[in-house]
>>> print(open('data-v6.cif').read())   # mmCIF, C-alpha atoms and all ligand atoms
data_run
#
loop_
_atom_site.label_atom_id
_atom_site.label_comp_id
_atom_site.auth_asym_id
_atom_site.auth_seq_id
_atom_site.Cartn_x
_atom_site.Cartn_y
_atom_site.Cartn_z
CA MET H 15 28.43 -13.96 -25.01
CA ASP H 16 26.47 -10.75 -24.23
CA THR H 17 27.32 -9.18 -20.91
CA VAL H 18 25.26 -6.95 -18.67
CA ASP H 19 26.90 -4.25 -16.60
CA TRP H 20 24.57 -4.00 -13.61
CA ALA H 21 26.06 -0.66 -12.55
CA LYS H 22 24.76 0.85 -15.78
CA LEU H 23 21.19 -0.32 -15.16
CA ASP H 24 18.82 2.57 -14.61
CA TRP H 25 16.30 1.03 -12.19
CA ASN H 26 13.97 4.02 -12.38
CA LEU H 27 13.81 3.71 -16.15
CA LEU H 28 13.34 -0.08 -15.92
CA TRP H 29 10.54 0.55 -13.41
CA LYS H 30 8.85 3.07 -15.73
CA GLN H 31 9.12 0.65 -18.66
CA ALA H 32 7.64 -2.21 -16.62
CA LYS H 33 4.86 0.10 -15.42
CA ARG H 34 3.84 0.84 -19.01
CA LYS H 35 3.28 -2.89 -19.56
CA LYS H 36 0.85 -3.36 -16.67
CA THR H 37 -2.65 -4.41 -17.65
CA TRP H 38 -4.52 -2.45 -14.96
CA LYS H 39 -4.99 1.31 -15.06
CA SER H 40 -3.61 3.49 -12.26
CA LYS H 41 -6.36 4.81 -10.00
CA LYS H 42 -7.20 8.48 -9.85
CA ALA H 43 -8.36 10.22 -6.65
CA SER H 44 -11.98 9.78 -7.81
CA ASP H 45 -11.44 6.01 -8.18
CA TRP H 46 -10.14 5.85 -4.61
CA ASN H 47 -13.07 7.97 -3.41
CA ASN H 48 -15.46 5.39 -4.86
CA LYS H 49 -13.51 2.53 -3.34
CA ALA H 50 -12.86 4.14 0.04
CA ASP H 51 -15.78 2.70 2.06
CA SER H 52 -15.37 -0.89 0.90
CA PHE H 53 -11.55 -0.66 1.23
CA ALA H 54 -11.85 0.68 4.79
CA LYS H 55 -14.24 -2.11 5.76
CA ARG H 56 -12.15 -4.85 4.16
CA THR H 57 -8.81 -3.76 5.56
CA ALA H 58 -9.91 -2.92 9.14
CA SER H 59 -9.64 -6.52 10.34
CA SER H 60 -6.70 -7.63 8.17
CA LEU H 61 -3.66 -9.11 9.85
CA TYR H 62 -1.67 -6.68 7.66
CA ILE H 63 -1.99 -3.95 10.32
CA GLY H 64 -0.50 -6.00 13.15
CA ARG H 65 2.32 -7.34 10.96
CA PHE H 66 3.22 -3.87 9.69
CA LEU H 67 3.31 -2.45 13.24
CA ASP H 68 5.37 -5.39 14.52
CA LEU H 69 7.95 -4.72 11.81
CA LEU H 70 7.96 -0.95 12.26
CA LYS H 71 8.35 -1.19 16.07
CA PRO H 72 6.90 2.27 16.82
CA ARG H 73 8.41 4.29 19.69
CA PRO H 74 6.38 6.62 21.94
CA ASP H 75 8.60 9.62 21.13
CA TRP H 76 8.24 9.36 17.34
CA SER H 77 6.47 11.72 14.97
CA VAL H 78 5.30 9.74 11.92
CA LEU H 79 4.37 10.89 8.42
CA ASP H 80 2.01 8.46 6.65
CA VAL H 81 1.83 9.12 2.88
CA GLY H 82 -1.28 7.69 1.20
CA CYS H 83 -2.74 7.03 4.63
CA GLY H 84 -6.13 5.96 3.24
CA PRO H 85 -8.85 5.48 5.88
CA GLY H 86 -6.22 5.59 8.64
CA THR H 87 -5.37 1.87 8.42
CA LEU H 88 -2.00 2.50 10.10
CA ALA H 89 -2.19 6.19 10.99
CA LEU H 90 -4.85 5.54 13.65
CA PRO H 91 -3.28 2.59 15.47
CA LEU H 92 0.07 4.39 15.20
CA ALA H 93 -1.37 7.51 16.80
CA THR H 94 -2.09 5.50 19.97
CA ARG H 95 1.57 4.43 20.15
CA VAL H 96 3.59 7.45 19.06
CA ARG H 97 3.76 11.18 19.89
CA ARG H 98 1.99 12.42 16.77
CA VAL H 99 1.00 11.34 13.26
CA THR H 100 0.56 13.30 10.04
CA GLY H 101 -1.45 11.57 7.32
CA LEU H 102 -1.78 12.69 3.74
CA ASP H 103 -3.88 11.35 0.92
CA PHE H 104 -5.32 12.65 -2.37
CA SER H 105 -8.69 10.96 -1.75
CA GLY H 106 -11.06 13.21 0.17
CA ARG H 107 -13.36 10.31 1.04
CA MET H 108 -10.49 8.28 2.53
CA LEU H 109 -9.61 11.26 4.75
CA GLU H 110 -13.25 11.71 5.81
CA ILE H 111 -13.33 8.10 6.99
CA ALA H 112 -10.00 8.50 8.82
CA GLU H 113 -11.28 11.68 10.50
CA LYS H 114 -14.52 10.04 11.63
CA LYS H 115 -12.66 7.04 13.02
CA ALA H 116 -10.20 9.30 14.86
CA ALA H 117 -13.09 11.21 16.46
CA LYS H 118 -14.83 7.96 17.43
CA GLN H 119 -11.66 6.70 19.10
CA SER H 120 -10.95 10.12 20.69
CA ILE H 121 -7.58 10.29 18.90
CA GLN H 122 -6.30 13.86 18.92
CA ASN H 123 -2.63 13.60 17.94
CA ILE H 124 -3.28 13.12 14.22
CA THR H 125 -3.32 15.77 11.48
CA LEU H 126 -4.70 14.94 8.05
CA HIS H 127 -3.90 16.74 4.79
CA HIS H 128 -5.72 16.51 1.48
CA CYS H 129 -2.79 16.39 -0.93
CA ALA H 130 -0.95 14.15 -3.38
CA TRP H 131 2.55 12.69 -3.64
CA LYS H 132 3.49 15.25 -6.26
CA ASP H 133 2.10 18.30 -4.40
CA ASP H 134 4.24 20.80 -2.54
CA TRP H 135 4.12 19.38 0.99
CA GLN H 136 5.78 22.47 2.42
CA ALA H 137 2.77 24.50 1.31
CA HIS H 138 0.79 22.23 3.68
CA SER H 139 3.40 22.81 6.41
CA ILE H 140 4.42 19.17 6.23
CA GLY H 141 8.04 19.05 7.31
CA ARG H 142 10.43 16.32 8.44
CA HIS H 143 9.19 13.69 10.84
CA ASP H 144 11.15 11.08 12.78
CA VAL H 145 9.68 8.36 10.59
CA ALA H 146 8.11 8.48 7.11
CA ILE H 147 6.00 5.59 5.81
CA ALA H 148 4.07 4.79 2.62
CA SER H 149 1.99 1.66 3.02
CA ARG H 150 0.68 0.09 -0.21
CA SER H 151 0.62 3.61 -1.65
CA LEU H 152 3.59 3.91 -4.01
CA ALA H 153 1.18 4.80 -6.81
CA VAL H 154 3.41 7.39 -8.45
CA ALA H 155 4.66 8.32 -11.92
CA ASP H 156 8.31 8.53 -10.84
CA LEU H 157 9.47 6.04 -8.22
CA LYS H 158 12.87 7.65 -7.71
CA ALA H 159 11.37 11.10 -7.07
CA ALA H 160 8.89 9.58 -4.58
CA LEU H 161 11.56 7.66 -2.65
CA VAL H 162 13.86 10.68 -2.52
CA LYS H 163 10.99 12.90 -1.31
CA LEU H 164 9.87 10.40 1.33
CA THR H 165 13.43 9.92 2.58
CA ALA H 166 13.98 13.69 2.81
CA HIS H 167 10.98 13.84 5.18
CA ALA H 168 12.44 11.34 7.69
CA ARG H 169 14.98 11.89 10.43
CA CYS H 170 15.54 8.31 11.53
CA LEU H 171 13.62 5.71 9.53
CA VAL H 172 11.75 5.26 6.25
CA ALA H 173 9.46 2.31 5.52
CA VAL H 174 7.29 1.38 2.55
CA THR H 175 5.35 -1.69 1.54
CA ASP H 176 5.41 -2.73 -2.08
CA ARG H 177 3.85 -5.59 -4.03
CA VAL H 178 5.57 -8.98 -4.32
CA GLY H 179 4.59 -10.32 -7.74
CA ALA H 180 0.85 -9.98 -8.23
CA GLY H 181 0.38 -8.68 -4.67
CA PRO H 182 -3.33 -8.29 -3.90
CA PHE H 183 -4.40 -9.27 -7.45
CA ASP H 184 -5.56 -12.88 -7.78
CA PRO H 185 -3.98 -14.34 -10.97
CA ASP H 186 -6.46 -17.24 -10.89
CA ALA H 187 -9.37 -14.81 -11.22
CA PHE H 188 -7.80 -13.30 -14.34
CA ALA H 189 -7.22 -16.76 -15.81
CA ALA H 190 -10.82 -17.71 -15.03
CA ILE H 191 -12.28 -14.83 -17.03
CA GLY H 192 -9.64 -15.07 -19.76
CA ARG H 193 -7.95 -11.72 -19.23
CA PRO H 194 -4.16 -11.37 -19.22
CA LEU H 195 -2.61 -10.08 -16.01
CA SER H 196 0.60 -8.12 -16.07
CA THR H 197 0.88 -6.36 -12.73
CA GLY H 198 3.84 -4.19 -13.60
CA PRO H 199 6.99 -3.64 -11.50
CA ASP H 200 7.10 -5.08 -8.01
CA TYR H 201 9.29 -4.48 -4.94
CA ILE H 202 12.53 -5.70 -6.48
CA TYR H 203 12.82 -2.50 -8.54
CA THR H 204 12.35 -0.44 -5.38
CA VAL H 205 15.05 -2.34 -3.50
CA ASN H 206 17.56 -2.02 -6.36
CA LEU H 207 16.78 1.65 -6.84
CA LEU H 208 17.32 2.34 -3.13
CA TYR H 209 20.63 0.49 -3.30
CA GLN H 210 21.69 2.59 -6.29
CA LEU H 211 20.75 5.72 -4.35
CA GLY H 212 23.20 4.60 -1.67
CA TYR H 213 20.75 3.32 0.95
CA LEU H 214 20.82 -0.09 2.61
CA PRO H 215 17.23 -1.35 2.50
CA LYS H 216 16.11 -4.17 4.78
CA ILE H 217 13.38 -6.44 3.47
CA ASP H 218 10.72 -8.34 5.38
CA TYR H 219 7.62 -9.97 3.99
CA ILE H 220 4.00 -9.68 5.06
CA GLU H 221 2.00 -12.69 3.95
CA LEU H 222 -1.71 -11.99 4.12
CA GLU H 223 -4.62 -14.33 4.78
CA GLN H 224 -5.20 -17.09 2.24
CA GLU H 225 -8.80 -17.27 3.41
CA VAL H 226 -10.91 -14.14 3.64
CA CYS H 227 -14.37 -13.99 5.17
CA TYR H 228 -17.13 -11.74 3.76
CA PRO H 229 -20.64 -11.14 5.14
CA ASP H 230 -22.20 -12.52 1.92
CA GLU H 231 -21.54 -13.42 -1.73
CA ARG H 232 -22.27 -9.89 -2.92
CA GLU H 233 -19.54 -8.41 -0.73
CA ALA H 234 -17.11 -11.15 -1.78
CA LEU H 235 -17.74 -10.15 -5.39
CA GLU H 236 -17.14 -6.49 -4.42
CA GLY H 237 -13.85 -7.58 -2.89
CA TYR H 238 -12.78 -8.83 -6.33
CA LEU H 239 -14.38 -6.35 -8.73
CA TRP H 240 -11.80 -3.62 -7.94
CA MET H 241 -9.15 -5.74 -9.70
CA PHE H 242 -10.85 -5.25 -13.07
CA ARG H 243 -12.03 -2.42 -15.24
CA ASP H 244 -15.09 -2.56 -17.49
CA LEU H 245 -16.10 -6.20 -17.08
CA ASP H 246 -18.72 -7.21 -19.64
CA THR H 247 -21.68 -9.44 -18.69
CA GLU H 248 -19.97 -12.64 -19.78
CA GLU H 249 -16.77 -11.81 -17.83
CA ARG H 250 -18.81 -10.92 -14.74
CA LYS H 251 -20.55 -14.28 -14.98
CA LYS H 252 -17.19 -16.07 -15.25
CA LEU H 253 -15.86 -14.15 -12.25
CA LYS H 254 -18.93 -15.13 -10.20
CA ASN H 255 -18.47 -18.78 -11.19
CA TYR H 256 -14.78 -18.64 -10.26
CA LEU H 257 -15.62 -17.13 -6.88
CA ARG H 258 -18.26 -19.81 -6.23
CA SER H 259 -15.63 -22.47 -7.00
CA ILE H 260 -13.39 -21.13 -4.20
CA THR H 261 -16.13 -20.19 -1.71
CA THR H 262 -17.46 -22.08 1.28
CA LEU H 263 -20.62 -21.09 3.12
CA ASN H 264 -20.37 -20.60 6.87
CA ARG H 265 -23.08 -21.47 9.40
CA ASP H 266 -23.89 -17.82 10.09
CA GLY H 267 -24.49 -17.16 6.38
CA SER H 268 -21.14 -15.48 5.80
CA VAL H 269 -18.83 -16.84 3.10
CA THR H 270 -15.12 -17.68 3.05
CA ILE H 271 -13.01 -17.24 -0.07
CA HIS H 272 -10.05 -19.62 -0.32
CA ARG H 273 -7.32 -18.19 -2.55
CA ARG H 274 -4.74 -20.60 -3.94
CA ARG H 275 -1.94 -18.21 -3.01
CA PRO H 276 -2.02 -15.50 -0.33
CA PRO H 277 -1.06 -11.95 -1.32
CA ILE H 278 2.44 -10.98 -0.17
CA TRP H 279 3.76 -7.48 0.50
CA ALA H 280 7.42 -6.56 0.91
CA PHE H 281 8.12 -4.34 3.92
CA ILE H 282 11.17 -2.30 2.96
CA SER H 283 12.83 -0.08 5.57
CA TRP H 284 16.00 2.00 5.48
CA SER H 285 17.94 4.67 7.31
CA PRO H 286 17.62 8.09 5.60
CA PHE H 287 21.42 8.34 5.82
CA PRO H 288 23.16 6.67 2.84
CA GLY H 289 25.33 3.72 3.79
CA GLN H 290 23.96 3.55 7.33
CA VAL H 291 22.34 0.38 8.68
CA ASP H 292 21.51 1.22 12.26
CA THR H 293 18.41 3.39 12.30
CA ALA H 294 18.45 3.41 16.12
CA LYS H 295 21.46 5.78 16.00
CA ASN H 296 19.17 8.52 14.66
CA THR H 297 16.24 8.07 16.98
CA PRO H 298 15.21 11.32 18.66
C1 LIG H 301 -4.15 0.71 -1.13
S1 LIG H 301 -4.55 2.22 -0.33
C2 LIG H 301 -3.50 2.11 1.10
C3 LIG H 301 -4.03 2.87 2.27
C4 LIG H 301 -3.24 2.63 3.56
N1 LIG H 301 -1.92 3.21 3.48
C5 LIG H 301 -3.16 1.15 3.82
O1 LIG H 301 -2.08 0.55 3.77
O2 LIG H 301 -4.23 0.57 4.07
C6 LIG H 301 -3.68 3.42 -1.30
C7 LIG H 301 -3.94 4.85 -0.80
O3 LIG H 301 -3.03 5.71 -1.46
C8 LIG H 301 -3.73 6.86 -1.88
N2 LIG H 301 -3.02 7.39 -3.05
C9 LIG H 301 -2.85 6.78 -4.25
N3 LIG H 301 -2.16 7.57 -5.08
C10 LIG H 301 -1.89 8.71 -4.38
C11 LIG H 301 -1.22 9.92 -4.71
N4 LIG H 301 -0.68 10.09 -5.91
N5 LIG H 301 -1.11 10.88 -3.76
C12 LIG H 301 -1.66 10.68 -2.52
N6 LIG H 301 -2.34 9.57 -2.17
C13 LIG H 301 -2.44 8.60 -3.08
C14 LIG H 301 -5.13 6.38 -2.20
O4 LIG H 301 -6.08 7.42 -2.17
C15 LIG H 301 -5.35 5.35 -1.12
O5 LIG H 301 -5.90 5.94 0.03
#
>>> encode(input="data-v6.cif", output="structure tokens", more="lines below")
Ligand SMILES: C[S@@+](CC[C@H](N)C(=O)[O-])C[C@H]1O[C@@H](n2cnc3c(N)ncnc32)[C@H](O)[C@@H]1O
Amino acid sequence: MDTVDWAKLDWNLLWKQAKRKKTWKSKKASDWNNKADSFAKRTASSLYIGRFLDLLKPRPDWSVLDVGCGPGTLALPLATRVRRVTGLDFSGRMLEIAEKKAAKQSIQNITLHHCAWKDDWQAHSIGRHDVAIASRSLAVADLKAALVKLTAHARCLVAVTDRVGAGPFDPDAFAAIGRPLSTGPDYIYTVNLLYQLGYLPKIDYIELEQEVCYPDEREALEGYLWMFRDLDTEERKKLKNYLRSITTLNRDGSVTIHRRRPPIWAFISWSPFPGQVDTAKNTP
């Protein structure tokens, strides 16, 4: 019988191999710029924000680094609960939205930087913070390098969210238009890699809404189109038909999409000190 020696598994290599098999293309900064306004609108009322904050348990004395902060989904509510927040993102449009929202809410303890995971953060004067987070933003070429870099920027706690299975993709939509869906590596690679690096990651799960409300059919379609690249006319028609089959019309003219399975995110947190469980020991 063949045997597998788990200690010899290279989880970063396995992750890279699985990533090569994914059917969707990684998004560039320009893709996120195009998506920024609709993403900001869609995510603003999601229960994701409350669940993430409940799990993170922010403390008033914390400084928090938010990598891939997007339109300030977490950076802004965090800024009202902690001492200061630093957000970074490679999408200029995402940062513009975050900046506008901060001004509207008179939030002044947030600093935003236009830079990428792979950039030299020191050149932007981004140093260590009490807590470093990356929410739904582990879109990197080298997972190990990203986790090591994020951990090195935290004094007491690191937290990321990573896809469970298909995550926000709807496998039924892919089946409906006849496209294969291989979403690539999910959170289990991240957990194993952290373990191999000597950390003790804790896992919680954030289950999102199974039913999502949109102002109209057009916006519901927008909420699905990001999952696909280059849909032809026939595929677009099939996607519309699929959406109609899972849509109910509300009295006020809005529509509700009923997904068969809700998207799930893994909330993974760890102490930046290898082998240490109690992150409270390091709090400032
Ligand atoms: C799904 S959004 C998540 C935004 C926010 N953290 C949230 O949870 O709502 C992913 C964000 O990561 C950013 N991002 C993706 N790849 C990045 C990279 N290589 N460097 C910096 N930001 C990146 C995108 O521009 C986008 O704003």
>>> closest_residue(input="data-v6.cif", among="H:Phe242, H:Phe281, H:Phe183, H:Phe104", to="ligand LIG 301 (chain H)", atoms="only C-alpha atoms and all ligand atoms")
H:Phe104
>>> residues_around(input="data-v6.cif", residues="Lys114 (chain H)", least_positions_apart="3", cutoff="12 Å", atoms="only C-alpha atoms", output="JSON, numbers by chain")
{"H": [54, 85, 86, 90, 107, 108, 109, 110, 111, 117, 118, 119, 120, 121, 122, 124, 126]}
>>> write_last_selection(input="data-v6.cif", atoms="C-alpha atoms", output="PDB file, in the coordinates of the input")
ATOM      1  CA  ALA H  54     -11.850   0.680   4.790  1.00  0.00           C
ATOM      2  CA  PRO H  85      -8.850   5.480   5.880  1.00  0.00           C
ATOM      3  CA  GLY H  86      -6.220   5.590   8.640  1.00  0.00           C
ATOM      4  CA  LEU H  90      -4.850   5.540  13.650  1.00  0.00           C
ATOM      5  CA  ARG H 107     -13.360  10.310   1.040  1.00  0.00           C
ATOM      6  CA  MET H 108     -10.490   8.280   2.530  1.00  0.00           C
ATOM      7  CA  LEU H 109      -9.610  11.260   4.750  1.00  0.00           C
ATOM      8  CA  GLU H 110     -13.250  11.710   5.810  1.00  0.00           C
ATOM      9  CA  ILE H 111     -13.330   8.100   6.990  1.00  0.00           C
ATOM     10  CA  ALA H 117     -13.090  11.210  16.460  1.00  0.00           C
ATOM     11  CA  LYS H 118     -14.830   7.960  17.430  1.00  0.00           C
ATOM     12  CA  GLN H 119     -11.660   6.700  19.100  1.00  0.00           C
ATOM     13  CA  SER H 120     -10.950  10.120  20.690  1.00  0.00           C
ATOM     14  CA  ILE H 121      -7.580  10.290  18.900  1.00  0.00           C
ATOM     15  CA  GLN H 122      -6.300  13.860  18.920  1.00  0.00           C
ATOM     16  CA  ILE H 124      -3.280  13.120  14.220  1.00  0.00           C
ATOM     17  CA  LEU H 126      -4.700  14.940   8.050  1.00  0.00           C
TER      18      LEU H 126
END
>>> residues_around(input="data-v6.cif", residues="Leu239 (chain H)", least_positions_apart="5", cutoff="9 Å", atoms="all atoms listed in the file", output="JSON, numbers by chain")
{"H": [234, 245, 250, 253]}
>>> write_last_selection(input="data-v6.cif", atoms="C-alpha atoms", output="PDB file, in the frame of the given file")
ATOM      1  CA  ALA H 234     -17.110 -11.150  -1.780  1.00  0.00           C
ATOM      2  CA  LEU H 245     -16.100  -6.200 -17.080  1.00  0.00           C
ATOM      3  CA  ARG H 250     -18.810 -10.920 -14.740  1.00  0.00           C
ATOM      4  CA  LEU H 253     -15.860 -14.150 -12.250  1.00  0.00           C
TER       5      LEU H 253
END
>>> residues_near_ligand(input="data-v6.cif", ligand="ligand LIG 301 (chain H)", cutoff="6 Å", atoms="only C-alpha atoms and all ligand atoms", output="list of chain:residue names")
H:Ala43, H:Trp46, H:Gly82, H:Cys83, H:Gly84, H:Thr87, H:Asp103, H:Phe104, H:Ser105, H:Met108, H:Ala130, H:Trp131, H:Ser149, H:Arg150, H:Ser151, H:Ala153, H:Val154
>>> atom_distance(input="data-v6.cif", atom1="CA of Val172 (chain H)", atom2="CA of Ile282 (chain H)")
8.3 Å
>>> closest_residue(input="data-v6.cif", among="H:Val18, H:Ala189, H:Ala50, H:Leu23", to="Tyr209 (chain H)", atoms="all atoms listed in the file")
H:Leu23
>>> residues_around(input="data-v6.cif", residues="Asn206 (chain H)", least_positions_apart="2", cutoff="12 Å", atoms="all atoms listed in the file", output="list in words")
Trp20, Ala21, Leu23, Asp24, Trp25, Asn26, Leu27, Leu28, Trp29, Leu157, Lys158, Leu161, Pro199, Asp200, Tyr201, Ile202, Tyr203, Thr204, Leu208, Tyr209, Gln210, Leu211, Gly212, Tyr213, Leu214, Pro215, Lys216, Ile217 and Ile282 of chain H
>>> atom_distance(input="data-v6.cif", atom1="CA of Lys39 (chain H)", atom2="CA of Val178 (chain H)")
18.2 Å
>>> residues_around(input="data-v6.cif", residues="Tyr228 (chain H)", least_positions_apart="4", cutoff="7 Å", atoms="only C-alpha atoms", output="list of chain:residue names")
H:Glu233, H:Ala234, H:Ser268, H:Val269, H:Thr270
>>> residues_around(input="data-v6.cif", residues="Pro276 (chain H)", least_positions_apart="2", cutoff="6 Å", atoms="only C-alpha atoms", output="NGL selection string")
:H and (222-224)
>>> write_last_selection(input="data-v6.cif", atoms="C-alpha atoms", output="PDB file, keeping the file's coordinate frame")
ATOM      1  CA  LEU H 222      -1.710 -11.990   4.120  1.00  0.00           C
ATOM      2  CA  GLU H 223      -4.620 -14.330   4.780  1.00  0.00           C
ATOM      3  CA  GLN H 224      -5.200 -17.090   2.240  1.00  0.00           C
TER       4      GLN H 224
END
>>> residues_near_point(input="data-v6.cif", point="(-10.7, -1.0, -11.1)", cutoff="9 Å", atoms="all atoms listed in the file", output="PyMOL selection string")
chain H and resi 38-41+45+49+239-244
>>> closest_residue(input="data-v6.cif", among="H:Asn264, H:Ala155, H:Gly181, H:Pro286", to="Lys30 (chain H)", atoms="all atoms listed in the file")
H:Ala155
>>> closest_residue(input="data-v6.cif", among="H:Leu79, H:Ala112, H:Ile63, H:Ile278", to="Gly141 (chain H)", atoms="only C-alpha atoms")
H:Leu79
>>> closest_residue(input="data-v6.cif", among="H:Pro288, H:Asp80, H:Asp186, H:Asp51", to="Arg274 (chain H)", atoms="all atoms listed in the file")
H:Asp186
>>> atom_distance(input="data-v6.cif", atom1="CA of Val78 (chain H)", atom2="CA of Val291 (chain H)")
19.7 Å
>>> closest_residue(input="data-v6.cif", among="H:Cys170, H:Val81, H:Val145, H:Ile271", to="Ala187 (chain H)", atoms="only C-alpha atoms")
H:Ile271
>>> residues_near_point(input="data-v6.cif", point="(-1.5, -9.0, -8.1)", cutoff="9 Å", atoms="only C-alpha atoms", output="number ranges by chain")
H: 177-185, 195-197, 241, 277
>>> decode(input="data-v6.cif", residues="region 122-145 of chain H", atoms="N, CA and C atoms", output="short mmCIF file (atom, residue, chain, number, x, y, z; two decimals), in the first residue's frame")
data_model
loop_
_atom_site.label_atom_id
_atom_site.label_comp_id
_atom_site.auth_asym_id
_atom_site.auth_seq_id
_atom_site.Cartn_x
_atom_site.Cartn_y
_atom_site.Cartn_z
N GLN H 122 -11.52 60.07 11.23
CA GLN H 122 -10.22 60.70 10.98
C GLN H 122 -9.03 59.82 11.35
N ASN H 123 -9.29 58.69 12.00
CA ASN H 123 -8.16 57.85 12.46
C ASN H 123 -7.87 56.71 11.48
N ILE H 124 -8.02 57.00 10.18
CA ILE H 124 -7.73 55.98 9.17
C ILE H 124 -6.76 56.56 8.14
N THR H 125 -5.77 55.75 7.77
CA THR H 125 -4.81 56.17 6.74
C THR H 125 -4.86 55.13 5.63
N LEU H 126 -4.99 55.60 4.39
CA LEU H 126 -5.11 54.67 3.27
C LEU H 126 -3.88 54.76 2.36
N HIS H 127 -3.43 53.60 1.89
CA HIS H 127 -2.25 53.56 1.01
C HIS H 127 -2.57 52.81 -0.27
N HIS H 128 -2.16 53.41 -1.38
CA HIS H 128 -2.37 52.76 -2.68
C HIS H 128 -1.16 51.84 -2.94
N CYS H 129 -1.26 50.60 -2.52
CA CYS H 129 -0.15 49.67 -2.79
C CYS H 129 -0.64 48.22 -2.75
N ALA H 130 0.21 47.33 -3.21
CA ALA H 130 -0.17 45.93 -3.40
C ALA H 130 0.49 45.05 -2.34
N TRP H 131 0.02 43.82 -2.26
CA TRP H 131 0.61 42.83 -1.35
C TRP H 131 2.11 42.76 -1.53
N LYS H 132 2.52 42.72 -2.82
CA LYS H 132 3.94 42.45 -3.08
C LYS H 132 4.83 43.70 -2.98
N ASP H 133 4.23 44.88 -2.82
CA ASP H 133 5.03 46.10 -2.75
C ASP H 133 5.84 46.18 -1.45
N ASP H 134 6.77 47.10 -1.43
CA ASP H 134 7.56 47.34 -0.22
C ASP H 134 6.73 48.23 0.71
N TRP H 135 6.14 47.64 1.74
CA TRP H 135 5.26 48.41 2.63
C TRP H 135 6.06 49.43 3.44
N GLN H 136 7.31 49.11 3.70
CA GLN H 136 8.13 50.06 4.48
C GLN H 136 8.29 51.38 3.73
N ALA H 137 8.37 51.28 2.39
CA ALA H 137 8.49 52.49 1.58
C ALA H 137 7.25 53.38 1.76
N HIS H 138 6.14 52.77 2.18
CA HIS H 138 4.91 53.54 2.46
C HIS H 138 4.80 53.86 3.95
N SER H 139 5.87 53.60 4.68
CA SER H 139 5.89 53.78 6.15
C SER H 139 4.82 52.95 6.85
N ILE H 140 4.57 51.77 6.30
CA ILE H 140 3.62 50.86 6.97
C ILE H 140 4.43 49.89 7.82
N GLY H 141 4.34 50.07 9.12
CA GLY H 141 5.11 49.22 10.02
C GLY H 141 4.20 48.21 10.71
N ARG H 142 4.66 47.74 11.88
CA ARG H 142 3.87 46.75 12.62
C ARG H 142 2.67 47.42 13.28
N HIS H 143 1.59 46.70 13.33
CA HIS H 143 0.39 47.15 14.02
C HIS H 143 0.07 46.12 15.10
N ASP H 144 -0.87 46.44 16.00
CA ASP H 144 -1.24 45.43 16.99
C ASP H 144 -1.87 44.23 16.28
N VAL H 145 -2.73 44.54 15.31
CA VAL H 145 -3.47 43.48 14.62
C VAL H 145 -3.35 43.68 13.12
#
